[in-house]
$ cat run.csv   # CSV, C-alpha atoms
chain,number,residue,atom,x,y,z
A,664,MET,CA,0.0,0.0,0.0
A,665,ARG,CA,2.8,2.5,0.9
A,666,ARG,CA,4.7,1.6,-2.2
A,667,GLY,CA,1.6,2.2,-4.3
A,668,ALA,CA,0.9,5.6,-2.7
A,669,ALA,CA,4.5,6.6,-3.2
A,670,LEU,CA,4.3,5.7,-6.9
A,671,VAL,CA,1.1,7.7,-7.3
A,672,LYS,CA,2.7,10.7,-5.7
A,673,GLN,CA,5.8,10.4,-8.0
A,674,LEU,CA,3.5,10.2,-11.0
A,675,LEU,CA,1.5,13.2,-10.0
A,676,ALA,CA,4.8,15.2,-9.5
A,677,TYR,CA,6.0,14.2,-12.9
A,678,ALA,CA,2.7,15.1,-14.5
A,679,ARG,CA,3.0,18.5,-12.8
A,680,GLN,CA,-0.4,18.0,-11.1
A,681,GLN,CA,0.7,17.7,-7.5
A,682,ARG,CA,0.1,20.7,-5.4
A,683,LEU,CA,3.5,21.7,-4.0
A,684,GLN,CA,3.8,23.9,-0.9
A,685,PRO,CA,6.6,26.3,-1.8
A,686,GLU,CA,8.5,28.4,0.8
A,687,VAL,CA,11.4,30.7,0.6
A,688,VAL,CA,14.4,28.8,1.8
A,689,ALA,CA,18.2,29.2,1.9
A,690,LEU,CA,19.5,26.6,-0.5
A,691,ASN,CA,22.7,26.1,1.5
A,692,ASP,CA,20.7,25.4,4.7
A,693,ARG,CA,18.7,22.7,3.0
A,694,VAL,CA,21.8,21.0,1.6
A,695,ALA,CA,23.7,21.2,4.9
A,696,GLY,CA,20.7,19.9,6.8
A,697,MET,CA,20.6,16.8,4.5
A,698,ALA,CA,24.3,16.0,4.9
A,699,PRO,CA,24.1,13.7,8.0
A,700,LEU,CA,21.3,11.7,6.4
A,701,LEU,CA,23.2,11.5,3.0
A,702,ARG,CA,26.3,10.3,4.7
A,703,ARG,CA,24.4,7.4,6.2
A,704,LEU,CA,22.8,6.6,2.9
A,705,LEU,CA,26.1,6.7,1.0
A,706,GLY,CA,28.0,4.4,3.3
A,707,GLN,CA,31.7,4.3,4.1
A,708,GLU,CA,32.8,3.8,0.5
A,709,VAL,CA,31.5,7.1,-0.9
A,710,ARG,CA,32.8,10.4,0.3
A,711,LEU,CA,30.4,13.4,0.5
A,712,GLU,CA,31.9,16.7,-0.4
A,713,LEU,CA,30.0,20.0,0.0
A,714,ALA,CA,30.9,23.2,-1.8
A,715,LEU,CA,28.4,25.8,-0.7
A,716,GLU,CA,28.8,29.2,-2.1
A,717,GLU,CA,28.5,32.2,0.3
A,718,PRO,CA,26.6,34.3,0.7
A,719,ALA,CA,23.7,31.8,0.6
A,720,ARG,CA,21.1,32.4,-2.0
A,721,ARG,CA,17.3,31.9,-1.5
A,722,VAL,CA,14.9,30.0,-3.7
A,723,ARG,CA,11.1,29.4,-3.5
A,724,VAL,CA,10.5,25.7,-3.5
A,725,ASP,CA,8.6,23.0,-1.6
A,726,PRO,CA,11.4,22.2,1.0
A,727,THR,CA,10.3,18.6,1.4
A,728,GLU,CA,10.3,17.9,-2.3
A,729,LEU,CA,13.7,19.7,-2.6
A,730,ASP,CA,15.1,17.3,0.0
A,731,ARG,CA,13.6,14.4,-1.9
A,732,VAL,CA,15.3,15.6,-5.1
A,733,ILE,CA,18.6,15.8,-3.5
A,734,MET,CA,18.3,12.4,-1.8
A,735,ASN,CA,17.1,10.8,-5.1
A,736,LEU,CA,20.1,12.1,-7.0
A,737,ALA,CA,22.5,11.1,-4.1
A,738,VAL,CA,21.2,7.5,-4.1
A,739,ASN,CA,21.5,7.3,-7.8
A,740,ALA,CA,25.1,8.5,-7.5
A,741,ARG,CA,25.8,5.9,-4.8
A,742,ASP,CA,24.6,3.1,-7.0
A,743,ALA,CA,26.8,4.4,-9.9
A,744,MET,CA,29.9,4.0,-7.6
A,745,PRO,CA,29.8,0.4,-6.3
A,746,GLY,CA,33.5,0.5,-5.7
A,747,GLY,CA,33.4,3.9,-3.9
A,748,GLY,CA,34.1,7.4,-5.0
A,749,THR,CA,33.1,11.0,-4.3
A,750,LEU,CA,29.7,12.7,-4.4
A,751,ARG,CA,30.0,16.5,-4.7
A,752,ILE,CA,27.1,18.7,-4.0
A,753,ALA,CA,27.7,22.4,-4.8
A,754,THR,CA,25.7,25.6,-4.8
A,755,GLY,CA,26.3,28.7,-6.8
A,756,HIS,CA,24.7,31.4,-8.9
A,757,ARG,CA,24.5,32.5,-12.5
A,758,VAL,CA,23.3,35.5,-14.4
A,759,VAL,CA,22.1,34.4,-17.9
A,760,LEU,CA,21.8,37.2,-20.4
A,761,ARG,CA,20.5,35.3,-23.4
A,762,PRO,CA,18.7,31.9,-23.8
A,763,GLU,CA,21.0,29.0,-23.7
A,764,GLY,CA,20.9,25.2,-23.8
A,765,GLU,CA,23.3,22.4,-23.1
A,766,ARG,CA,25.6,21.2,-25.8
A,767,ALA,CA,24.2,18.5,-28.1
A,768,GLY,CA,24.7,15.2,-26.5
A,769,ASP,CA,25.0,16.6,-22.9
A,770,GLN,CA,21.3,17.0,-22.3
A,771,ALA,CA,18.9,14.2,-21.4
A,772,GLY,CA,17.0,13.9,-24.6
A,773,ALA,CA,14.5,15.8,-26.6
A,774,GLY,CA,11.0,15.4,-25.3
A,775,ALA,CA,12.2,15.1,-21.7
A,776,GLY,CA,11.5,18.8,-21.0
A,777,ASP,CA,13.0,22.1,-22.1
A,778,SER,CA,16.6,22.2,-21.0
A,779,ALA,CA,17.2,25.7,-22.3
A,780,VAL,CA,17.9,28.2,-19.5
A,781,PRO,CA,16.2,31.5,-20.2
A,782,PRO,CA,17.7,34.9,-19.2
A,783,GLY,CA,17.5,35.7,-15.5
A,784,ARG,CA,19.2,35.4,-12.2
A,785,TRP,CA,19.5,31.8,-11.2
A,786,VAL,CA,20.6,29.8,-8.1
A,787,VAL,CA,22.4,26.6,-9.1
A,788,LEU,CA,22.5,23.2,-7.4
A,789,GLU,CA,25.0,20.8,-8.8
A,790,VAL,CA,25.2,17.1,-7.9
A,791,ALA,CA,28.2,15.3,-9.4
A,792,ASP,CA,29.7,11.8,-8.9
A,793,THR,CA,32.9,10.1,-9.9
A,794,GLY,CA,31.1,6.9,-11.0
A,795,ARG,CA,30.9,4.9,-14.1
A,796,GLY,CA,28.8,7.4,-16.1
A,797,ILE,CA,25.7,7.0,-18.2
A,798,PRO,CA,25.9,5.2,-21.6
A,799,PRO,CA,25.2,7.5,-24.6
A,800,GLU,CA,22.2,5.4,-25.6
A,801,VAL,CA,20.6,5.9,-22.2
A,802,LEU,CA,21.0,9.6,-22.0
A,803,PRO,CA,18.2,10.5,-24.4
A,804,ARG,CA,15.7,8.6,-22.2
A,805,LEU,CA,17.0,9.5,-18.8
A,806,PHE,CA,13.9,11.5,-17.7
A,807,GLU,CA,11.3,9.2,-19.3
A,808,PRO,CA,8.8,7.9,-16.8
A,809,PHE,CA,9.0,4.1,-16.3
A,810,TYR,CA,12.2,3.8,-18.2
A,811,THR,CA,14.7,1.9,-16.1
A,812,THR,CA,17.8,-0.2,-16.6
A,813,ARG,CA,17.3,-1.7,-13.1
A,814,LEU,CA,14.0,-3.5,-13.5
A,815,GLU,CA,15.3,-6.7,-11.9
A,816,LYS,CA,16.5,-4.7,-8.9
A,817,GLY,CA,13.2,-3.0,-8.2
A,818,GLY,CA,13.8,0.2,-10.3
A,819,THR,CA,10.6,2.0,-11.2
A,820,GLY,CA,11.9,4.5,-13.7
A,821,LEU,CA,10.1,7.3,-11.9
A,822,GLY,CA,12.8,8.9,-9.8
A,823,LEU,CA,14.4,11.1,-12.3
A,824,ALA,CA,11.0,11.9,-14.0
A,825,THR,CA,9.9,13.1,-10.5
A,826,VAL,CA,13.0,15.2,-10.1
A,827,GLN,CA,12.3,16.9,-13.4
A,828,GLY,CA,8.7,17.4,-12.5
A,829,VAL,CA,9.4,19.0,-9.1
A,830,VAL,CA,12.1,21.3,-10.6
A,831,THR,CA,9.9,22.3,-13.5
A,832,GLN,CA,7.0,23.1,-11.2
A,833,SER,CA,9.3,25.3,-9.2
A,834,GLY,CA,10.2,27.3,-12.3
A,835,GLY,CA,13.5,25.7,-12.8
A,836,HIS,CA,15.5,23.6,-15.2
A,837,VAL,CA,17.5,20.4,-14.9
A,838,THR,CA,20.3,19.2,-17.2
A,839,VAL,CA,22.7,16.3,-17.0
A,840,GLU,CA,26.2,15.7,-18.4
A,841,SER,CA,27.9,12.3,-18.4
A,842,ARG,CA,30.4,10.2,-20.2
A,843,PRO,CA,31.2,6.5,-19.5
A,844,GLY,CA,34.0,6.2,-17.0
A,845,GLU,CA,34.0,10.0,-16.2
A,846,GLY,CA,31.1,10.3,-13.8
A,847,THR,CA,27.8,12.2,-14.0
A,848,ARG,CA,26.8,15.8,-13.2
A,849,PHE,CA,23.2,17.0,-12.7
A,850,ARG,CA,22.7,20.7,-12.6
A,851,ILE,CA,19.5,22.3,-11.4
A,852,HIS,CA,18.8,26.0,-12.1
A,853,LEU,CA,16.2,27.6,-9.8
A,854,PRO,CA,15.0,31.2,-9.9
A,855,ARG,CA,16.7,33.5,-7.4
A,856,GLU,CA,14.3,34.7,-4.7
A,857,GLU,CA,14.7,38.1,-3.0
A,858,ALA,CA,11.8,37.7,-0.5
A,859,PRO,CA,12.6,37.0,3.2
A,860,LEU,CA,13.0,33.5,4.4
A,861,SER,CA,9.9,31.5,5.4
A,862,ALA,CA,9.6,29.8,8.7
A,863,PRO,CA,12.1,26.9,8.9
A,864,ALA,CA,10.9,23.5,7.7
A,865,PRO,CA,12.4,20.2,9.0
A,866,ALA,CA,14.6,18.2,6.6
A,867,LEU,CA,13.1,15.1,5.1
A,868,ALA,CA,14.1,12.0,7.1
A,869,PRO,CA,12.3,8.9,5.7
A,870,ALA,CA,12.5,5.6,7.7
A,871,THR,CA,14.0,3.9,4.7
A,872,PRO,CA,16.1,5.1,1.8
A,873,PRO,CA,14.2,5.9,-1.4
A,874,ARG,CA,14.5,3.5,-4.3
A,875,PRO,CA,17.0,4.5,-7.0
A,876,ALA,CA,15.5,6.1,-10.1
A,877,GLY,CA,16.6,3.1,-12.1
A,878,ALA,CA,17.8,5.0,-15.1
A,879,ARG,CA,21.4,4.5,-14.6

$ encode --input "run.csv" --output "structure tokens"
Amino acid sequence: MRRGAALVKQLLAYARQQRLQPEVVALNDRVAGMAPLLRRLLGQEVRLELALEEPARRVRVDPTELDRVIMNLAVNARDAMPGGGTLRIATGHRVVLRPEGERAGDQAGAGAGDSAVPPGRWVVLEVADTGRGIPPEVLPRLFEPFYTTRLEKGGTGLGLATVQGVVTQSGGHVTVESRPGEGTRFRIHLPREEAPLSAPAPALAPATPPRPAGAR
């Protein structure tokens, strides 16, 4: 029953029909608050490295769903590094003066959502691993719902589709760069928020780790 409810929630997020509850949060605080949980999920073989830019920038997101996005990407990275490695989570900012997109071959496929970043002031969240990378034939389908290369291991193919759905609902954009043997880097652009911080929200701490997205 719980698994079914979780799948329905992920589907709704992907379909952009789920009602998020956005708040103004400091991105650095959310990442730092997740670090202890992430270290437990990653285990001893994977080193977590944080590179949080100061001063901290604010974004308007559903904090629980942002935590879920970070955790989903971290679990995917862990599974891509069975022999150990480094997971780097960084924050930063960008000012985009003209529309731009990722280089051909670096984005996760046409039809998976608009990866072009329009002009504006953006806060950037980057999640990068030193794992085995994503095969070129998988990249174009990475954000497709129900597409998974881990079906026999319980993969649903909904994790990355949900990530993209939550980011898009928050007015942002997500892109991915990867080459076999050279690791993978997800980059999320969220609109910079100038409003004061909302009341603090607790970090997500599920009883069990989320299932990997299954696309890697």

$ residues_around --input "run.csv" --residues "region 723-733 of chain A" --least-positions-apart "5" --cutoff "8 Å" --atoms "only C-alpha atoms" --output "ChimeraX atom specification"
/A:683-688,693-694,697,826,829,833,854-856,864,866-867

$ atom_distance --input "run.csv" --atom1 "CA of Pro798 (chain A)" --atom2 "CA of Pro843 (chain A)"
5.8 Å

$ atom_distance --input "run.csv" --atom1 "CA of Pro745 (chain A)" --atom2 "CA of Gly794 (chain A)"
8.1 Å

$ atom_distance --input "run.csv" --atom1 "CA of Leu736 (chain A)" --atom2 "CA of Ala858 (chain A)"
27.7 Å

$ closest_residue --input "run.csv" --among "A:Leu802, A:Met734, A:Ala743, A:Val722" --to "Val786 (chain A)" --atoms "only C-alpha atoms"
A:Val722

$ residues_around --input "run.csv" --residues "Arg784 (chain A)" --least-positions-apart "2" --cutoff "10 Å" --atoms "only C-alpha atoms" --output "ChimeraX atom specification"
/A:756-760,781-782,786-787,852-856

$ residues_around --input "run.csv" --residues "region 746-752 of chain A" --least-positions-apart "3" --cutoff "7 Å" --atoms "all atoms listed in the file" --output "PyMOL selection string"
chain A and resi 708-714+740+789-794
